[in-house]
file protein10.cif (mmCIF, C-alpha atoms)
data_query
#
loop_
_atom_site.group_PDB
_atom_site.id
_atom_site.type_symbol
_atom_site.label_atom_id
_atom_site.label_comp_id
_atom_site.auth_asym_id
_atom_site.auth_seq_id
_atom_site.Cartn_x
_atom_site.Cartn_y
_atom_site.Cartn_z
ATOM 1 C CA MET A 1 18.120 -22.121 -6.879
ATOM 2 C CA GLY A 2 16.385 -18.766 -6.968
ATOM 3 C CA GLU A 3 17.778 -15.708 -5.277
ATOM 4 C CA ARG A 4 16.312 -15.018 -1.841
ATOM 5 C CA ILE A 5 14.853 -11.545 -1.371
ATOM 6 C CA ILE A 6 15.420 -10.050 2.065
ATOM 7 C CA ASP A 7 13.052 -7.387 3.351
ATOM 8 C CA HIS A 8 14.996 -5.225 5.801
ATOM 9 C CA ARG A 9 11.871 -3.434 7.040
ATOM 10 C CA SER A 10 11.181 -6.156 9.583
ATOM 11 C CA ARG A 11 14.405 -5.274 11.412
ATOM 12 C CA ASP A 12 13.203 -1.727 12.139
ATOM 13 C CA ARG A 13 11.465 -1.079 15.451
ATOM 14 C CA LEU A 14 8.921 1.006 13.542
ATOM 15 C CA TYR A 15 7.853 -1.869 11.327
ATOM 16 C CA PRO A 16 5.661 -3.618 13.948
ATOM 17 C CA ILE A 17 3.953 -0.281 14.667
ATOM 18 C CA TRP A 18 3.195 0.223 10.973
ATOM 19 C CA ASN A 19 2.130 -3.396 10.530
ATOM 20 C CA GLY A 20 -0.062 -3.185 13.650
ATOM 21 C CA MET A 21 -1.889 -0.147 12.267
ATOM 22 C CA ILE A 22 -2.633 -2.020 9.071
ATOM 23 C CA SER A 23 -3.809 -5.133 10.922
ATOM 24 C CA ARG A 24 -6.095 -3.197 13.283
ATOM 25 C CA CYS A 25 -7.656 -1.249 10.419
ATOM 26 C CA TYR A 26 -7.898 -3.817 7.613
ATOM 27 C CA ASN A 27 -7.725 -7.360 9.038
ATOM 28 C CA ASN A 28 -11.184 -8.273 10.270
ATOM 29 C CA ASN A 29 -9.660 -11.332 11.983
ATOM 30 C CA HIS A 30 -7.628 -9.063 14.284
ATOM 31 C CA PRO A 31 -9.052 -9.397 17.840
ATOM 32 C CA LYS A 32 -9.427 -5.608 18.167
ATOM 33 C CA TYR A 33 -10.556 -4.893 14.593
ATOM 34 C CA HIS A 34 -13.947 -3.714 15.859
ATOM 35 C CA LEU A 35 -12.210 -0.838 17.689
ATOM 36 C CA TRP A 36 -10.431 0.457 14.557
ATOM 37 C CA GLY A 37 -11.374 -0.909 11.137
ATOM 38 C CA GLY A 38 -14.849 -1.849 12.327
ATOM 39 C CA ARG A 39 -15.413 1.814 13.224
ATOM 40 C CA GLY A 40 -14.215 2.983 9.808
ATOM 41 C CA ILE A 41 -10.713 4.049 10.875
ATOM 42 C CA LYS A 42 -8.385 3.908 7.865
ATOM 43 C CA ILE A 43 -4.756 4.652 7.032
ATOM 44 C CA CYS A 44 -3.907 7.276 4.430
ATOM 45 C CA ASP A 45 -2.794 5.764 1.110
ATOM 46 C CA GLU A 46 0.688 7.264 1.457
ATOM 47 C CA TRP A 47 1.367 5.282 4.663
ATOM 48 C CA ARG A 48 -0.657 2.183 3.879
ATOM 49 C CA ASN A 49 1.164 1.543 0.621
ATOM 50 C CA ASP A 50 4.645 2.744 1.587
ATOM 51 C CA TYR A 51 6.369 1.805 4.843
ATOM 52 C CA TRP A 52 9.281 4.109 4.001
ATOM 53 C CA ALA A 53 6.940 7.129 3.760
ATOM 54 C CA PHE A 54 5.596 6.272 7.226
ATOM 55 C CA LYS A 55 9.135 5.898 8.573
ATOM 56 C CA LYS A 56 10.201 9.233 7.067
ATOM 57 C CA TRP A 57 7.230 10.967 8.757
ATOM 58 C CA ALA A 58 7.901 9.179 12.064
ATOM 59 C CA VAL A 59 11.550 10.222 12.261
ATOM 60 C CA ALA A 60 10.751 13.796 11.189
ATOM 61 C CA ASN A 61 8.118 13.992 13.939
ATOM 62 C CA GLY A 62 10.188 12.841 16.879
ATOM 63 C CA TYR A 63 10.368 9.053 16.730
ATOM 64 C CA ASP A 64 13.620 7.883 18.322
ATOM 65 C CA GLU A 65 14.786 4.269 17.890
ATOM 66 C CA SER A 66 16.791 4.496 21.116
ATOM 67 C CA LYS A 67 13.765 5.221 23.342
ATOM 68 C CA HIS A 68 11.789 2.405 24.953
ATOM 69 C CA ARG A 69 8.557 1.650 23.111
ATOM 70 C CA LYS A 70 6.351 2.659 26.057
ATOM 71 C CA TYR A 71 7.613 6.211 25.537
ATOM 72 C CA GLN A 72 6.671 6.191 21.845
ATOM 73 C CA THR A 73 3.271 5.071 20.706
ATOM 74 C CA ILE A 74 1.440 6.421 17.700
ATOM 75 C CA GLU A 75 -1.647 8.362 18.677
ATOM 76 C CA ARG A 76 -4.450 9.793 16.604
ATOM 77 C CA VAL A 77 -5.232 13.327 17.795
ATOM 78 C CA ASP A 78 -8.866 12.924 16.716
ATOM 79 C CA ASN A 79 -9.769 9.507 18.081
ATOM 80 C CA ASP A 80 -12.396 9.072 15.364
ATOM 81 C CA GLY A 81 -10.043 10.205 12.594
ATOM 82 C CA ASP A 82 -7.769 8.197 10.343
ATOM 83 C CA TYR A 83 -4.068 7.440 10.627
ATOM 84 C CA CYS A 84 -2.466 10.217 8.565
ATOM 85 C CA PRO A 85 0.280 12.819 9.066
ATOM 86 C CA GLU A 86 -2.224 15.538 9.965
ATOM 87 C CA ASN A 87 -3.911 13.445 12.681
ATOM 88 C CA CYS A 88 -1.036 11.541 14.289
ATOM 89 C CA LYS A 89 1.636 12.260 16.847
ATOM 90 C CA TRP A 90 3.958 10.320 19.139
ATOM 91 C CA ALA A 91 2.782 9.933 22.727
ATOM 92 C CA THR A 92 3.746 7.949 25.784
ATOM 93 C CA ALA A 93 1.634 4.969 26.787
ATOM 94 C CA LYS A 94 0.475 6.989 29.811
ATOM 95 C CA GLU A 95 -0.684 9.861 27.586
ATOM 96 C CA GLN A 96 -2.492 7.374 25.349
ATOM 97 C CA ARG A 97 -4.402 5.910 28.302
ATOM 98 C CA ALA A 98 -5.521 9.382 29.331
ATOM 99 C CA ASN A 99 -6.822 10.169 25.823
ATOM 100 C CA CYS A 100 -8.678 6.962 24.976
ATOM 101 C CA ARG A 101 -12.332 7.117 24.048
ATOM 102 C CA LYS A 102 -15.113 6.139 26.400
ATOM 103 C CA LEU A 103 -16.463 2.646 25.752
ATOM 104 C CA GLY A 104 -19.727 2.983 27.664
ATOM 105 C CA ARG A 105 -18.604 1.104 30.732
ATOM 106 C CA LYS A 106 -18.159 2.293 34.273
ATOM 107 C CA PRO A 107 -14.821 4.045 34.844
ATOM 108 C CA ARG A 108 -12.208 2.141 36.794
ATOM 109 C CA VAL A 109 -11.399 3.452 40.220
ATOM 110 C CA ARG A 110 -8.613 1.057 41.162
ATOM 111 C CA GLY A 111 -5.283 0.588 39.482
ATOM 112 C CA ARG A 112 -4.324 2.338 36.281
ATOM 113 C CA GLY A 113 -6.685 3.665 33.689
ATOM 114 C CA TYR A 114 -8.778 6.282 35.476
ATOM 115 C CA LYS A 115 -11.263 7.536 32.905
ATOM 116 C CA TYR A 116 -12.349 10.779 34.543
ATOM 117 C CA ASN A 117 -11.993 14.186 32.916
ATOM 118 C CA TRP A 118 -12.337 17.250 35.125
ATOM 119 C CA THR A 119 -12.720 20.884 34.149
ATOM 120 C CA ILE A 120 -10.916 23.222 36.524
ATOM 121 C CA GLY A 121 -10.457 26.893 35.748
ATOM 122 C CA GLY A 122 -11.902 26.360 32.267
ATOM 123 C CA GLU A 123 -9.349 23.661 31.375
ATOM 124 C CA THR A 124 -10.466 20.044 30.868
ATOM 125 C CA ARG A 125 -7.931 17.295 31.501
ATOM 126 C CA SER A 126 -7.819 13.758 32.819
ATOM 127 C CA ALA A 127 -7.804 13.041 36.555
ATOM 128 C CA VAL A 128 -4.359 11.493 36.139
ATOM 129 C CA SER A 129 -3.033 14.691 34.560
ATOM 130 C CA TRP A 130 -4.507 16.912 37.298
ATOM 131 C CA CYS A 131 -3.088 14.690 40.053
ATOM 132 C CA ALA A 132 0.343 14.779 38.440
ATOM 133 C CA GLU A 133 0.245 18.583 38.275
ATOM 134 C CA TYR A 134 -0.657 18.869 41.961
ATOM 135 C CA GLY A 135 1.807 16.153 42.973
ATOM 136 C CA LEU A 136 -0.867 13.955 44.539
ATOM 137 C CA SER A 137 -1.569 10.261 44.186
ATOM 138 C CA VAL A 138 -4.554 9.392 42.027
ATOM 139 C CA PRO A 139 -6.016 6.886 44.553
ATOM 140 C CA MET A 140 -5.994 9.505 47.321
ATOM 141 C CA VAL A 141 -7.714 12.124 45.178
ATOM 142 C CA MET A 142 -10.249 9.596 43.859
ATOM 143 C CA TYR A 143 -10.999 8.540 47.454
ATOM 144 C CA ARG A 144 -11.733 12.159 48.314
ATOM 145 C CA VAL A 145 -14.007 12.575 45.287
ATOM 146 C CA LYS A 146 -15.828 9.218 45.357
ATOM 147 C CA THR A 147 -16.003 8.458 49.080
ATOM 148 C CA LYS A 148 -15.872 11.842 50.762
ATOM 149 C CA GLY A 149 -17.934 13.581 48.055
ATOM 150 C CA MET A 150 -15.454 16.406 47.461
ATOM 151 C CA ALA A 151 -15.444 18.331 44.210
ATOM 152 C CA PRO A 152 -12.340 17.529 42.116
ATOM 153 C CA GLU A 153 -10.790 20.975 42.673
ATOM 154 C CA GLN A 154 -11.351 20.700 46.420
ATOM 155 C CA ALA A 155 -9.887 17.177 46.468
ATOM 156 C CA LEU A 156 -6.764 18.440 44.711
ATOM 157 C CA THR A 157 -6.216 21.433 46.981
ATOM 158 C CA ALA A 158 -7.262 20.086 50.399
ATOM 159 C CA PRO A 159 -4.392 19.555 52.827
ATOM 160 C CA ASN A 160 -3.282 16.006 53.424
ATOM 161 C CA GLU A 161 -4.664 15.299 56.875
ATOM 162 C CA ARG A 162 -3.813 11.903 58.203
ATOM 163 C CA PRO A 163 -4.778 11.030 61.749
ATOM 164 C CA ARG A 164 -1.721 10.522 63.885
ATOM 165 C CA LYS A 165 -1.452 7.501 66.074
ATOM 166 C CA ASN A 166 -0.882 8.209 69.739
ATOM 167 C CA LYS A 167 2.527 7.134 70.867
ATOM 168 C CA LYS A 168 2.907 5.673 74.295
ATOM 169 C CA ASP A 169 5.593 7.451 76.252
#
call {"tool": "encode", "arguments": {"input": "protein10.cif", "output": "structure tokens"}}
result
Amino acid sequence: MGERIIDHRSRDRLYPIWNGMISRCYNNNHPKYHLWGGRGIKICDEWRNDYWAFKKWAVANGYDESKHRKYQTIERVDNDGDYCPENCKWATAKEQRANCRKLGRKPRVRGRGYKYNWTIGGETRSAVSWCAEYGLSVPMVMYRVKTKGMAPEQALTAPNERPRKNKKD
């Protein structure tokens, strides 16, 4: 019988990330191909043709096998740019959600995935990021903006006034 060749790449936690990039960009049967390959997003030849080159870059740029995968996702800095060393970094899933491109649909107001960017003091960031900085819950701030008509900066700095229930003595 012939000798069996074992590919040890598939045991690495990075391998599915690398393989996923290739599938999203080059497999037009991938369910999300239209969001990557269909838009012309490619992978640099160095990474596409050599998993070990991708792994070397990943480890040199902060990838840690011991961290949970939600704390390490590959992100393209320029969302319309290709996967290449100059345009990629490691980000948390939460950071990725804040940086995703607009898909022409109405932003969500409930649950995760708020798609609002606010400019305060000349700095533009996501609503989620601003709320985290001020230590406020996103639903409360969004309620103030959407329902009460407050400006984002006002909603972030207004005191938390909850009506108190009268206690019977």
call {"tool": "resolve_selection", "arguments": {"input": "protein10.cif", "expression": "the PyMOL selection byres ((chain A and resi 140) around 12)", "output": "MDAnalysis selection string"}}
result
chainID A and resid 109:111 127:128 131 135:139 141:148 150 152 155:162
call {"tool": "closest_residue", "arguments": {"input": "protein10.cif", "among": "A:Ala93, A:Ile41, A:Ile120, A:Ala151", "to": "Met21 of chain A", "atoms": "all atoms listed in the file"}}
result
A:Ile41
call {"tool": "resolve_selection", "arguments": {"input": "protein10.cif", "expression": "the PyMOL selection byres ((chain A and resi 81) around 12)", "output": "list in words"}}
result
Cys25, Trp36, Gly37, Arg39, Gly40, Ile41, Lys42, Ile43, Cys44, Glu75, Arg76, Val77, Asp78, Asn79, Asp80, Asp82, Tyr83, Cys84, Pro85, Glu86, Asn87 and Cys88 of chain A
call {"tool": "atom_distance", "arguments": {"input": "protein10.cif", "atom1": "atom CA of Glu153 of chain A", "atom2": "atom CA of Ala91 of chain A"}}
result
26.5 Å
call {"tool": "atom_distance", "arguments": {"input": "protein10.cif", "atom1": "atom CA of Ala58 of chain A", "atom2": "atom CA of Ile22 of chain A"}}
result
15.7 Å
call {"tool": "atom_distance", "arguments": {"input": "protein10.cif", "atom1": "atom CA of Arg125 of chain A", "atom2": "atom CA of Gly38 of chain A"}}
result
28.0 Å
call {"tool": "resolve_selection", "arguments": {"input": "protein10.cif", "expression": "the PyMOL selection byres ((chain A and resi 68) around 12)", "output": "ChimeraX atom specification"}}
result
/A:13-14,63-67,69-73,91-93
call {"tool": "residues_around", "arguments": {"input": "protein10.cif", "residues": "Arg24 of chain A", "least_positions_apart": "3", "cutoff": "8 Å", "atoms": "all atoms listed in the file", "output": "NGL selection string"}}
result
:A and (20-21 or 27-28 or 30 or 32-33 or 35-37)
call {"tool": "closest_residue", "arguments": {"input": "protein10.cif", "among": "A:Lys55, A:Gln154, A:Lys94, A:Gly62", "to": "Ala132 of chain A", "atoms": "only C-alpha atoms"}}
result
A:Lys94
call {"tool": "closest_residue", "arguments": {"input": "protein10.cif", "among": "A:Tyr134, A:Tyr116, A:Trp18, A:Tyr26", "to": "Asp50 of chain A", "atoms": "all atoms listed in the file"}}
result
A:Trp18
call {"tool": "decode", "arguments": {"input": "protein10.cif", "residues": "segment 14-55 of chain A", "atoms": "N, CA and C atoms", "output": "mmCIF file, in the first residue's frame"}}
result
data_model
loop_
_atom_site.group_PDB
_atom_site.id
_atom_site.type_symbol
_atom_site.label_atom_id
_atom_site.label_comp_id
_atom_site.auth_asym_id
_atom_site.auth_seq_id
_atom_site.Cartn_x
_atom_site.Cartn_y
_atom_site.Cartn_z
ATOM 1 N N LEU A 14 -5.261 28.138 13.667
ATOM 2 C CA LEU A 14 -5.219 29.157 12.617
ATOM 3 C C LEU A 14 -5.696 28.627 11.271
ATOM 4 N N TYR A 15 -5.585 27.343 11.066
ATOM 5 C CA TYR A 15 -5.904 26.777 9.756
ATOM 6 C C TYR A 15 -7.340 27.080 9.315
ATOM 7 N N PRO A 16 -8.356 26.908 10.180
ATOM 8 C CA PRO A 16 -9.713 27.245 9.731
ATOM 9 C C PRO A 16 -9.882 28.726 9.393
ATOM 10 N N ILE A 17 -9.129 29.596 10.058
ATOM 11 C CA ILE A 17 -9.194 31.027 9.734
ATOM 12 C C ILE A 17 -8.643 31.254 8.333
ATOM 13 N N TRP A 18 -7.488 30.675 8.053
ATOM 14 C CA TRP A 18 -6.866 30.793 6.734
ATOM 15 C C TRP A 18 -7.761 30.182 5.659
ATOM 16 N N ASN A 19 -8.268 28.998 5.919
ATOM 17 C CA ASN A 19 -9.129 28.309 4.964
ATOM 18 C C ASN A 19 -10.427 29.092 4.738
ATOM 19 N N GLY A 20 -10.962 29.693 5.807
ATOM 20 C CA GLY A 20 -12.176 30.497 5.683
ATOM 21 C C GLY A 20 -11.972 31.715 4.804
ATOM 22 N N MET A 21 -10.805 32.366 4.937
ATOM 23 C CA MET A 21 -10.499 33.511 4.074
ATOM 24 C C MET A 21 -10.528 33.080 2.613
ATOM 25 N N ILE A 22 -9.880 31.975 2.333
ATOM 26 C CA ILE A 22 -9.815 31.494 0.952
ATOM 27 C C ILE A 22 -11.212 31.158 0.435
ATOM 28 N N SER A 23 -12.006 30.481 1.239
ATOM 29 C CA SER A 23 -13.364 30.118 0.812
ATOM 30 C C SER A 23 -14.212 31.351 0.547
ATOM 31 N N ARG A 24 -14.171 32.329 1.449
ATOM 32 C CA ARG A 24 -14.997 33.533 1.282
ATOM 33 C C ARG A 24 -14.593 34.331 0.049
ATOM 34 N N CYS A 25 -13.308 34.301 -0.285
ATOM 35 C CA CYS A 25 -12.819 35.115 -1.398
ATOM 36 C C CYS A 25 -12.834 34.404 -2.751
ATOM 37 N N TYR A 26 -12.707 33.073 -2.764
ATOM 38 C CA TYR A 26 -12.525 32.385 -4.042
ATOM 39 C C TYR A 26 -13.547 31.294 -4.348
ATOM 40 N N ASN A 27 -14.362 30.899 -3.404
ATOM 41 C CA ASN A 27 -15.348 29.839 -3.641
ATOM 42 C C ASN A 27 -16.716 30.472 -3.840
ATOM 43 N N ASN A 28 -17.136 30.592 -5.100
ATOM 44 C CA ASN A 28 -18.420 31.253 -5.339
ATOM 45 C C ASN A 28 -19.617 30.428 -4.881
ATOM 46 N N ASN A 29 -19.401 29.244 -4.340
ATOM 47 C CA ASN A 29 -20.478 28.473 -3.712
ATOM 48 C C ASN A 29 -20.585 28.760 -2.212
ATOM 49 N N HIS A 30 -19.642 29.519 -1.672
ATOM 50 C CA HIS A 30 -19.700 29.887 -0.252
ATOM 51 C C HIS A 30 -20.919 30.797 -0.050
ATOM 52 N N PRO A 31 -21.722 30.569 1.001
ATOM 53 C CA PRO A 31 -22.947 31.357 1.188
ATOM 54 C C PRO A 31 -22.708 32.859 1.343
ATOM 55 N N LYS A 32 -21.527 33.266 1.750
ATOM 56 C CA LYS A 32 -21.243 34.697 1.922
ATOM 57 C C LYS A 32 -20.230 35.214 0.897
ATOM 58 N N TYR A 33 -20.028 34.475 -0.170
ATOM 59 C CA TYR A 33 -19.064 34.861 -1.206
ATOM 60 C C TYR A 33 -19.338 36.277 -1.714
ATOM 61 N N HIS A 34 -20.609 36.618 -1.866
ATOM 62 C CA HIS A 34 -20.958 37.935 -2.411
ATOM 63 C C HIS A 34 -20.446 39.091 -1.541
ATOM 64 N N LEU A 35 -20.174 38.816 -0.261
ATOM 65 C CA LEU A 35 -19.681 39.859 0.640
ATOM 66 C C LEU A 35 -18.161 40.010 0.597
ATOM 67 N N TRP A 36 -17.459 39.043 0.018
ATOM 68 C CA TRP A 36 -15.997 39.096 -0.067
ATOM 69 C C TRP A 36 -15.560 38.968 -1.527
ATOM 70 N N GLY A 37 -15.453 37.748 -2.013
ATOM 71 C CA GLY A 37 -14.985 37.529 -3.379
ATOM 72 C C GLY A 37 -15.843 38.230 -4.414
ATOM 73 N N GLY A 38 -17.143 38.248 -4.198
ATOM 74 C CA GLY A 38 -18.052 38.919 -5.123
ATOM 75 C C GLY A 38 -17.836 40.416 -5.187
ATOM 76 N N ARG A 39 -17.217 40.986 -4.173
ATOM 77 C CA ARG A 39 -16.888 42.416 -4.144
ATOM 78 C C ARG A 39 -15.463 42.672 -4.615
ATOM 79 N N GLY A 40 -14.751 41.612 -4.986
ATOM 80 C CA GLY A 40 -13.382 41.776 -5.474
ATOM 81 C C GLY A 40 -12.318 41.675 -4.396
ATOM 82 N N ILE A 41 -12.699 41.278 -3.181
ATOM 83 C CA ILE A 41 -11.716 41.106 -2.110
ATOM 84 C C ILE A 41 -10.873 39.872 -2.426
ATOM 85 N N LYS A 42 -9.551 40.028 -2.342
ATOM 86 C CA LYS A 42 -8.634 38.934 -2.643
ATOM 87 C C LYS A 42 -7.693 38.712 -1.463
ATOM 88 N N ILE A 43 -6.869 37.696 -1.573
ATOM 89 C CA ILE A 43 -5.834 37.407 -0.586
ATOM 90 C C ILE A 43 -4.497 37.543 -1.299
ATOM 91 N N CYS A 44 -3.541 38.194 -0.658
ATOM 92 C CA CYS A 44 -2.229 38.349 -1.292
ATOM 93 C C CYS A 44 -1.668 36.964 -1.628
ATOM 94 N N ASP A 45 -0.873 36.902 -2.697
ATOM 95 C CA ASP A 45 -0.322 35.619 -3.153
ATOM 96 C C ASP A 45 0.480 34.915 -2.066
ATOM 97 N N GLU A 46 1.222 35.694 -1.279
ATOM 98 C CA GLU A 46 2.048 35.108 -0.219
ATOM 99 C C GLU A 46 1.196 34.263 0.727
ATOM 100 N N TRP A 47 0.046 34.782 1.155
ATOM 101 C CA TRP A 47 -0.821 34.055 2.089
ATOM 102 C C TRP A 47 -1.656 32.998 1.385
ATOM 103 N N ARG A 48 -2.164 33.334 0.210
ATOM 104 C CA ARG A 48 -3.057 32.395 -0.473
ATOM 105 C C ARG A 48 -2.339 31.092 -0.812
ATOM 106 N N ASN A 49 -1.092 31.195 -1.190
ATOM 107 C CA ASN A 49 -0.346 30.017 -1.629
ATOM 108 C C ASN A 49 0.493 29.358 -0.539
ATOM 109 N N ASP A 50 0.559 29.976 0.648
ATOM 110 C CA ASP A 50 1.450 29.438 1.677
ATOM 111 C C ASP A 50 0.864 29.653 3.073
ATOM 112 N N TYR A 51 0.233 28.622 3.599
ATOM 113 C CA TYR A 51 -0.343 28.695 4.947
ATOM 114 C C TYR A 51 0.718 29.081 5.969
ATOM 115 N N TRP A 52 1.922 28.548 5.831
ATOM 116 C CA TRP A 52 2.971 28.796 6.821
ATOM 117 C C TRP A 52 3.384 30.259 6.830
ATOM 118 N N ALA A 53 3.336 30.942 5.693
ATOM 119 C CA ALA A 53 3.625 32.382 5.655
ATOM 120 C C ALA A 53 2.545 33.148 6.419
ATOM 121 N N PHE A 54 1.281 32.740 6.236
ATOM 122 C CA PHE A 54 0.185 33.365 6.982
ATOM 123 C C PHE A 54 0.368 33.137 8.483
ATOM 124 N N LYS A 55 0.707 31.912 8.859
ATOM 125 C CA LYS A 55 0.884 31.594 10.277
ATOM 126 C C LYS A 55 2.032 32.407 10.875
#
